[in-house]
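File shown: input07.cif. Contents: mmCIF, C-alpha atoms.
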```cif
data_target
loop_
_atom_site.group_PDB
_atom_site.id
_atom_site.type_symbol
_atom_site.label_atom_id
_atom_site.label_comp_id
_atom_site.auth_asym_id
_atom_site.auth_seq_id
_atom_site.Cartn_x
_atom_site.Cartn_y
_atom_site.Cartn_z
ATOM 1 C CA MET A 268 286.851 88.852 67.206
ATOM 2 C CA GLY A 269 285.619 86.327 69.763
ATOM 3 C CA ALA A 270 288.127 83.616 68.825
ATOM 4 C CA CYS A 271 288.991 82.741 72.425
ATOM 5 C CA GLU A 272 285.333 82.417 73.409
ATOM 6 C CA PHE A 273 284.680 80.278 70.337
ATOM 7 C CA LEU A 274 287.544 77.933 71.271
ATOM 8 C CA SER A 275 286.354 77.653 74.866
ATOM 9 C CA ARG A 276 282.833 76.718 73.722
ATOM 10 C CA ALA A 277 284.237 74.205 71.235
ATOM 11 C CA LYS A 278 286.299 72.538 73.988
ATOM 12 C CA THR A 279 283.387 72.540 76.431
ATOM 13 C CA ASP A 280 280.927 70.898 74.033
ATOM 14 C CA GLY A 281 283.496 68.373 72.807
ATOM 15 C CA ARG A 282 283.991 69.591 69.244
ATOM 16 C CA ILE A 283 287.734 69.841 69.885
ATOM 17 C CA ALA A 284 290.006 68.432 72.580
ATOM 18 C CA ASN A 285 292.940 70.837 72.322
ATOM 19 C CA ALA A 286 293.272 74.460 71.242
ATOM 20 C CA GLY A 287 296.394 75.793 69.567
ATOM 21 C CA PHE A 288 297.709 78.238 67.023
ATOM 22 C CA SER A 289 300.210 78.314 64.165
ATOM 23 C CA PHE A 290 302.568 81.265 63.995
ATOM 24 C CA HIS A 291 304.653 83.233 61.461
ATOM 25 C CA GLY A 292 304.929 86.664 63.080
ATOM 26 C CA ASP A 293 307.508 88.375 65.292
ATOM 27 C CA ARG A 294 308.529 87.358 68.803
ATOM 28 C CA LYS A 295 306.641 90.176 70.541
ATOM 29 C CA SER A 296 303.385 89.121 68.892
ATOM 30 C CA PHE A 297 304.098 85.483 69.736
ATOM 31 C CA THR A 298 304.437 86.241 73.446
ATOM 32 C CA ALA A 299 301.232 88.299 73.400
ATOM 33 C CA ILE A 300 299.284 85.459 71.769
ATOM 34 C CA VAL A 301 300.677 82.853 74.191
ATOM 35 C CA ASP A 302 299.545 85.016 77.101
ATOM 36 C CA ALA A 303 296.111 85.757 75.637
ATOM 37 C CA TYR A 304 294.537 82.304 76.146
ATOM 38 C CA ASP A 305 294.951 78.986 77.930
ATOM 39 C CA TRP A 306 296.421 77.236 74.899
ATOM 40 C CA ASP A 307 297.305 73.541 74.752
ATOM 41 C CA PHE A 308 299.860 73.852 71.946
ATOM 42 C CA CYS A 309 301.471 76.130 69.383
ATOM 43 C CA GLN A 310 303.179 75.563 66.043
ATOM 44 C CA ILE A 311 306.315 77.509 65.097
ATOM 45 C CA GLN A 312 308.856 77.537 62.301
ATOM 46 C CA TYR A 313 312.183 76.437 63.765
ATOM 47 C CA ASN A 314 315.519 75.133 62.500
ATOM 48 C CA PHE A 315 319.156 76.016 63.046
ATOM 49 C CA LEU A 316 318.919 78.895 60.562
ATOM 50 C CA ASP A 317 315.784 80.325 62.189
ATOM 51 C CA GLN A 318 316.890 80.563 65.809
ATOM 52 C CA GLN A 319 316.317 84.328 65.836
ATOM 53 C CA ASN A 320 313.518 84.559 63.248
ATOM 54 C CA GLN A 321 309.821 84.703 64.130
ATOM 55 C CA ALA A 322 309.240 83.019 67.533
ATOM 56 C CA GLY A 323 312.834 81.757 67.589
ATOM 57 C CA THR A 324 314.561 80.000 70.464
ATOM 58 C CA LYS A 325 313.257 82.487 73.027
ATOM 59 C CA GLY A 326 309.703 81.890 71.843
ATOM 60 C CA LEU A 327 310.211 78.122 71.968
ATOM 61 C CA LYS A 328 311.399 78.296 75.570
ATOM 62 C CA TYR A 329 308.654 80.734 76.556
ATOM 63 C CA ALA A 330 305.898 78.500 75.166
ATOM 64 C CA ALA A 331 307.357 75.470 76.944
ATOM 65 C CA SER A 332 307.560 77.428 80.205
ATOM 66 C CA LYS A 333 303.780 77.942 79.890
ATOM 67 C CA GLU A 334 303.400 74.154 79.461
ATOM 68 C CA LEU A 335 302.356 74.369 75.822
ATOM 69 C CA GLY A 336 303.124 71.495 73.517
ATOM 70 C CA VAL A 337 305.376 72.838 70.750
ATOM 71 C CA ILE A 338 304.992 71.590 67.175
ATOM 72 C CA VAL A 339 307.913 72.496 64.901
ATOM 73 C CA MET A 340 307.222 73.151 61.214
ATOM 74 C CA GLU A 341 309.797 73.822 58.493
ATOM 75 C CA PRO A 342 312.560 71.916 60.321
ATOM 76 C CA LEU A 343 314.449 71.684 57.013
ATOM 77 C CA ARG A 344 313.592 75.235 55.916
ATOM 78 C CA GLY A 345 311.502 74.278 52.948
ATOM 79 C CA GLY A 346 313.900 71.458 52.033
ATOM 80 C CA LEU A 347 316.979 73.695 51.842
ATOM 81 C CA LEU A 348 318.718 71.890 54.706
ATOM 82 C CA ALA A 349 317.996 68.445 53.232
ATOM 83 C CA ARG A 350 319.415 69.071 49.761
ATOM 84 C CA GLN A 351 322.884 68.295 48.536
ATOM 85 C CA PRO A 352 324.789 70.993 50.433
ATOM 86 C CA PRO A 353 327.069 73.546 48.777
ATOM 87 C CA PRO A 354 330.723 72.384 48.589
ATOM 88 C CA GLU A 355 331.845 74.595 51.475
ATOM 89 C CA ILE A 356 329.049 73.265 53.688
ATOM 90 C CA LYS A 357 329.781 69.642 52.730
ATOM 91 C CA LYS A 358 333.411 70.052 53.816
ATOM 92 C CA LEU A 359 332.208 71.064 57.258
ATOM 93 C CA TRP A 360 329.722 68.186 57.575
ATOM 94 C CA ASP A 361 332.524 65.792 56.610
ATOM 95 C CA GLU A 362 334.440 66.848 59.723
ATOM 96 C CA ALA A 363 331.906 65.116 61.985
ATOM 97 C CA GLU A 364 333.021 61.858 63.565
ATOM 98 C CA GLU A 365 329.567 60.319 63.203
ATOM 99 C CA LYS A 366 328.321 60.584 59.643
ATOM 100 C CA ARG A 367 324.721 61.662 59.109
ATOM 101 C CA THR A 368 322.789 63.077 56.183
ATOM 102 C CA PRO A 369 322.169 66.854 56.215
ATOM 103 C CA ALA A 370 318.489 66.162 56.934
ATOM 104 C CA GLU A 371 319.361 63.955 59.926
ATOM 105 C CA TRP A 372 321.695 66.587 61.334
ATOM 106 C CA SER A 373 318.984 69.227 61.030
ATOM 107 C CA LEU A 374 316.288 67.056 62.609
ATOM 108 C CA ARG A 375 318.597 65.878 65.398
ATOM 109 C CA TRP A 376 319.419 69.514 66.200
ATOM 110 C CA ILE A 377 315.710 70.226 66.741
ATOM 111 C CA TRP A 378 315.081 67.046 68.758
ATOM 112 C CA ASN A 379 318.042 68.055 70.949
ATOM 113 C CA HIS A 380 315.781 70.745 72.447
ATOM 114 C CA PRO A 381 313.762 69.335 75.376
ATOM 115 C CA GLU A 382 311.047 71.949 74.744
ATOM 116 C CA VAL A 383 310.078 70.395 71.381
ATOM 117 C CA THR A 384 307.067 68.054 71.366
ATOM 118 C CA VAL A 385 306.545 67.167 67.684
ATOM 119 C CA VAL A 386 308.556 67.786 64.500
ATOM 120 C CA LEU A 387 306.718 67.995 61.165
ATOM 121 C CA SER A 388 308.752 67.020 58.120
ATOM 122 C CA GLY A 389 307.654 66.438 54.536
ATOM 123 C CA MET A 390 308.417 62.938 53.244
ATOM 124 C CA ASN A 391 308.348 61.918 49.589
ATOM 125 C CA ASP A 392 309.432 58.275 49.711
ATOM 126 C CA GLU A 393 310.085 55.400 52.137
ATOM 127 C CA SER A 394 313.739 56.331 52.658
ATOM 128 C CA HIS A 395 312.593 59.695 54.029
ATOM 129 C CA ILE A 396 310.215 57.932 56.421
ATOM 130 C CA ARG A 397 313.017 55.688 57.712
ATOM 131 C CA GLU A 398 315.318 58.689 58.058
ATOM 132 C CA ASN A 399 312.706 60.635 60.024
ATOM 133 C CA LEU A 400 312.001 57.672 62.307
ATOM 134 C CA ARG A 401 315.703 57.158 62.933
ATOM 135 C CA SER A 402 316.181 60.841 63.754
ATOM 136 C CA SER A 403 313.259 60.930 66.189
ATOM 137 C CA GLU A 404 314.246 57.654 67.873
ATOM 138 C CA ASN A 405 317.848 58.734 68.455
ATOM 139 C CA GLY A 406 317.104 62.422 68.885
ATOM 140 C CA THR A 407 316.540 62.560 72.607
ATOM 141 C CA PRO A 408 316.894 65.896 74.442
ATOM 142 C CA ASN A 409 320.490 67.027 74.945
ATOM 143 C CA SER A 410 321.797 64.045 72.950
ATOM 144 C CA LEU A 411 324.213 66.046 70.750
ATOM 145 C CA SER A 412 327.719 66.611 72.046
ATOM 146 C CA ASP A 413 329.282 70.044 72.497
ATOM 147 C CA SER A 414 331.531 69.408 69.495
ATOM 148 C CA GLU A 415 328.534 68.489 67.324
ATOM 149 C CA LEU A 416 326.637 71.610 68.397
ATOM 150 C CA ASN A 417 329.735 73.698 67.687
ATOM 151 C CA LEU A 418 329.943 72.171 64.193
ATOM 152 C CA ILE A 419 326.286 73.004 63.485
ATOM 153 C CA GLY A 420 326.967 76.551 64.685
ATOM 154 C CA ARG A 421 329.839 76.885 62.211
ATOM 155 C CA ILE A 422 327.620 75.538 59.424
ATOM 156 C CA GLU A 423 324.914 78.050 60.306
ATOM 157 C CA GLU A 424 327.463 80.876 59.988
ATOM 158 C CA LYS A 425 328.679 79.521 56.635
ATOM 159 C CA TYR A 426 325.132 79.292 55.263
ATOM 160 C CA ARG A 427 324.522 82.902 56.269
ATOM 161 C CA SER A 428 327.703 84.051 54.546
ATOM 162 C CA LEU A 429 326.743 82.211 51.332
ATOM 163 C CA MET A 430 323.047 83.143 51.188
ATOM 164 C CA LYS A 431 322.307 86.590 49.808
ATOM 165 C CA ALA A 432 318.593 86.594 50.672
ATOM 166 C CA GLY A 433 317.487 85.270 54.058
ATOM 167 C CA CYS A 434 314.112 84.200 52.686
ATOM 168 C CA THR A 435 312.426 81.301 54.501
ATOM 169 C CA GLY A 436 309.837 80.754 51.749
ATOM 170 C CA CYS A 437 306.861 81.491 54.031
ATOM 171 C CA HIS A 438 305.116 83.350 51.149
ATOM 172 C CA TYR A 439 303.742 86.069 53.428
ATOM 173 C CA CYS A 440 304.922 88.566 50.795
ATOM 174 C CA MET A 441 302.643 86.991 48.220
ATOM 175 C CA PRO A 442 300.756 87.756 46.100
ATOM 176 C CA CYS A 443 302.777 90.701 44.830
ATOM 177 C CA PRO A 444 300.512 93.374 43.275
ATOM 178 C CA ASN A 445 302.927 93.557 40.333
ATOM 179 C CA GLY A 446 303.134 89.799 39.886
ATOM 180 C CA VAL A 447 306.705 89.261 41.128
ATOM 181 C CA ASP A 448 307.276 85.687 42.361
ATOM 182 C CA ILE A 449 309.455 86.903 45.223
ATOM 183 C CA PRO A 450 310.315 83.555 46.928
ATOM 184 C CA THR A 451 311.265 81.880 43.640
ATOM 185 C CA CYS A 452 313.403 84.854 42.594
ATOM 186 C CA PHE A 453 315.278 84.597 45.895
ATOM 187 C CA GLU A 454 315.616 80.811 45.563
ATOM 188 C CA ALA A 455 317.379 81.199 42.201
ATOM 189 C CA PHE A 456 319.493 84.071 43.558
ATOM 190 C CA ASN A 457 320.651 82.059 46.588
ATOM 191 C CA HIS A 458 321.414 78.991 44.489
ATOM 192 C CA PHE A 459 323.551 81.127 42.191
ATOM 193 C CA HIS A 460 325.699 82.265 45.115
ATOM 194 C CA MET A 461 325.730 79.127 47.265
ATOM 195 C CA TYR A 462 326.641 76.690 44.507
ATOM 196 C CA GLU A 463 328.367 79.059 42.089
ATOM 197 C CA ASP A 464 326.286 77.398 39.381
ATOM 198 C CA GLU A 465 325.362 80.303 37.139
ATOM 199 C CA LYS A 466 324.017 78.198 34.283
ATOM 200 C CA TRP A 467 321.558 76.178 36.406
ATOM 201 C CA ALA A 468 320.429 79.207 38.426
ATOM 202 C CA LYS A 469 319.670 81.261 35.330
ATOM 203 C CA LEU A 470 317.877 78.395 33.593
ATOM 204 C CA PHE A 471 315.805 77.870 36.747
ATOM 205 C CA TYR A 472 315.033 81.582 36.922
ATOM 206 C CA ILE A 473 313.919 81.803 33.283
ATOM 207 C CA SER A 474 311.817 78.623 33.394
ATOM 208 C CA ARG A 475 310.080 79.507 36.674
ATOM 209 C CA VAL A 476 309.506 83.260 36.582
ATOM 210 C CA ALA A 477 310.270 84.655 33.125
ATOM 211 C CA ILE A 478 308.122 82.712 30.669
ATOM 212 C CA GLY A 479 304.432 82.002 30.224
ATOM 213 C CA GLU A 480 301.371 84.222 30.388
ATOM 214 C CA ASN A 481 302.019 85.398 33.967
ATOM 215 C CA PRO A 482 305.752 85.966 34.465
ATOM 216 C CA GLY A 483 307.032 86.842 37.923
ATOM 217 C CA ARG A 484 310.492 88.237 37.249
ATOM 218 C CA SER A 485 312.218 90.547 39.723
ATOM 219 C CA SER A 486 312.341 93.454 37.256
ATOM 220 C CA GLN A 487 308.536 93.747 37.503
ATOM 221 C CA CYS A 488 308.941 95.265 40.979
ATOM 222 C CA GLU A 489 307.590 98.824 41.168
ATOM 223 C CA LYS A 490 308.745 99.452 44.764
ATOM 224 C CA CYS A 491 305.304 99.694 46.340
ATOM 225 C CA GLY A 492 306.762 98.278 49.552
ATOM 226 C CA GLU A 493 303.801 96.058 50.467
ATOM 227 C CA CYS A 494 306.049 92.989 50.697
ATOM 228 C CA GLU A 495 308.402 94.560 53.229
ATOM 229 C CA GLU A 496 305.498 95.532 55.494
ATOM 230 C CA VAL A 497 304.485 91.884 55.958
ATOM 231 C CA CYS A 498 307.835 90.037 55.743
ATOM 232 C CA PRO A 499 308.408 88.241 59.106
ATOM 233 C CA GLN A 500 312.193 88.397 58.505
ATOM 234 C CA LYS A 501 312.045 92.157 57.778
ATOM 235 C CA LEU A 502 314.109 91.640 54.624
ATOM 236 C CA PRO A 503 314.973 94.605 52.370
ATOM 237 C CA ILE A 504 313.012 92.926 49.589
ATOM 238 C CA GLN A 505 313.024 95.860 47.178
ATOM 239 C CA GLN A 506 316.816 96.154 47.234
ATOM 240 C CA LEU A 507 317.241 92.397 47.008
ATOM 241 C CA LEU A 508 314.999 92.269 43.943
ATOM 242 C CA GLU A 509 317.202 94.917 42.333
ATOM 243 C CA ASP A 510 320.193 92.654 43.033
ATOM 244 C CA VAL A 511 318.375 89.675 41.527
ATOM 245 C CA THR A 512 317.623 91.674 38.379
ATOM 246 C CA ALA A 513 321.265 92.714 38.048
ATOM 247 C CA GLU A 514 322.506 89.128 38.466
ATOM 248 C CA MET A 515 319.841 87.143 36.616
ATOM 249 C CA GLU A 516 318.630 89.448 33.838
ATOM 250 C CA GLY A 517 321.814 90.516 32.133
ATOM 251 C CA ARG A 518 322.725 90.716 28.449
ATOM 252 C CA PHE A 519 320.607 88.735 25.983
ATOM 253 C CA PHE A 520 318.051 87.956 28.696
ATOM 254 C CA GLU A 521 315.055 88.801 26.518
ATOM 255 C CA THR A 522 316.501 86.688 23.691
ATOM 256 C CA LYS A 523 316.820 83.716 26.055
ATOM 257 C CA VAL A 524 313.241 84.214 27.245
ATOM 258 C CA TRP A 525 312.024 84.303 23.631
ATOM 259 C CA VAL A 526 313.848 81.033 22.859
ATOM 260 C CA PHE A 527 312.470 79.348 25.989
ATOM 261 C CA ASN A 528 308.933 80.461 25.177
ATOM 262 C CA LYS A 529 309.228 79.042 21.673
ATOM 263 C CA PHE A 530 310.632 75.768 23.028
ATOM 264 C CA PHE A 531 307.933 75.298 25.676
ATOM 265 C CA ASN A 532 305.157 76.231 23.243
ATOM 266 C CA PHE A 533 306.496 73.601 20.832
ATOM 267 C CA LYS A 534 306.617 70.957 23.588
ATOM 268 C CA ARG A 535 303.073 71.886 24.622
ATOM 269 C CA TRP A 536 301.910 71.548 21.006
ATOM 270 C CA GLN A 537 303.576 68.121 20.776
ATOM 271 C CA THR A 538 301.847 66.941 23.947
ATOM 272 C CA LEU A 539 298.423 68.139 22.809
ATOM 273 C CA ARG A 540 298.902 66.505 19.438
ATOM 274 C CA LYS A 541 299.771 63.152 21.053
ATOM 275 C CA GLU A 542 296.731 63.368 23.320
ATOM 276 C CA LYS A 543 294.487 64.155 20.343
ATOM 277 C CA ASN A 544 295.856 61.230 18.360
#
```
Let me see the structure of the file written as structure tokens.
Amino acid sequence: MGACEFLSRAKTDGRIANAGFSFHGDRKSFTAIVDAYDWDFCQIQYNFLDQQNQAGTKGLKYAASKELGVIVMEPLRGGLLARQPPPEIKKLWDEAEEKRTPAEWSLRWIWNHPEVTVVLSGMNDESHIRENLRSSENGTPNSLSDSELNLIGRIEEKYRSLMKAGCTGCHYCMPCPNGVDIPTCFEAFNHFHMYEDEKWAKLFYISRVAIGENPGRSSQCEKCGECEEVCPQKLPIQQLLEDVTAEMEGRFFETKVWVFNKFFNFKRWQTLRKEKN
């Protein structure tokens, strides 16, 4: 569609200094795009759980071999790798001689790759800024020991055994034509299995996807298959949504939804009344 010509003109007349692209597809497409233009940089999703997903490690190394600057997005996989880890994961982190937060471990793992140019990480307060600065200052290429890399490898395997849906939260499956909030359904489903916290997971599920005027519960799936056609991870989304329904929408589910709707409508009425007064 003339994108390459447009970029070349924009560089020539000074509108932009560097041309790059952001990527969420498969590795074959990534290589084709890298080879299609004289890019200055690319942006890929990369973390220790996504070594084989999308561009992956091979894509990272290929881009660097072409002298592209590589910007890493989602280094903490949507915040998953920065949260309080599940008990089984925490036990493994505690084995490390040098103690770091889960976020620092994840960021240091990325900075350990000499091919990485920039790491993007969301920060909500000053402690996050300090943590990110510390990770980037100490995270020189090849700075992690073999034992530390082995530990991260074991933690990756444990995460994969605990997570039932390998969703990265990229939202490429959205919007669902039947209104299913697929990423949020999978988030509740994974939390249920990783933390064995049924009460919290089900409350989260009801409050986020089961109430209100536009619910997005998993049982709304009508198996059209559109989501699976565009999922970069090639997840069996339809089957996974069936599993979510079986786990999260059991007995008395509709009664719980009715109670929650009544509660939230009451709280909304209270708020409006206070504002009016």
Q) Nearest to A:Gly436: which of A:Ala331, A:Val337, A:Leu347, A:Met390 is it, counting all atoms listed in the file? A) A:Leu347
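Minimum atom-to-atom distance to A:Pro450, evaluated using all atoms listed in the file, belongs to A:Arg484 out of A:Arg484, A:Lys541, A:Lys490, A:Arg427.
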Q | Counting only C-alpha atoms, the residue of A:Glu495, A:Asp510, A:Glu272, A:Glu465 that sits nearest A:Cys443 | A |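 Distance minimum relative to A:Cys443 lands on A:Glu495.
Selection result for the displayed file, with the PyMOL selection byres ((chain A and resi 378) around 7) as criterion, is Leu374, Arg375, Trp376, Ile377, Asn379, His380, Val383, Ser403, Gly406, Thr407 and Pro408 of chain A.
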Include C-alpha atoms and write out the residues we just selected as a PDB file, in the frame of the given file.
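File selection.pdb, as written:
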```pdb
ATOM      1  CA  LEU A 374     316.288  67.056  62.609  1.00  0.00           C
ATOM      2  CA  ARG A 375     318.597  65.878  65.398  1.00  0.00           C
ATOM      3  CA  TRP A 376     319.419  69.514  66.200  1.00  0.00           C
ATOM      4  CA  ILE A 377     315.710  70.226  66.741  1.00  0.00           C
ATOM      5  CA  ASN A 379     318.042  68.055  70.949  1.00  0.00           C
ATOM      6  CA  HIS A 380     315.781  70.745  72.447  1.00  0.00           C
ATOM      7  CA  VAL A 383     310.078  70.395  71.381  1.00  0.00           C
ATOM      8  CA  SER A 403     313.259  60.930  66.189  1.00  0.00           C
ATOM      9  CA  GLY A 406     317.104  62.422  68.885  1.00  0.00           C
ATOM     10  CA  THR A 407     316.540  62.560  72.607  1.00  0.00           C
ATOM     11  CA  PRO A 408     316.894  65.896  74.442  1.00  0.00           C
TER      12      PRO A 408
END
```
Q) Quick one: residues within 12 Å of stretch 276-291 of chain A, all atoms listed in the file counted, chain neighbours fewer than 2 positions away excluded, as a PyMOL selection string? A) chain A and resi 269-274+293-301+303-313+317+320-323+326-327+330+335-341+435-440+497-500
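Atom CA of A:Leu429 sits 18.3 Å away from atom CA of A:Glu509.
Take the candidates A:Asp361, A:Glu514, A:Glu480, A:Glu371 and check each one against A:Ala349 using all atoms listed in the file; the shortest distance goes to A:Glu371.
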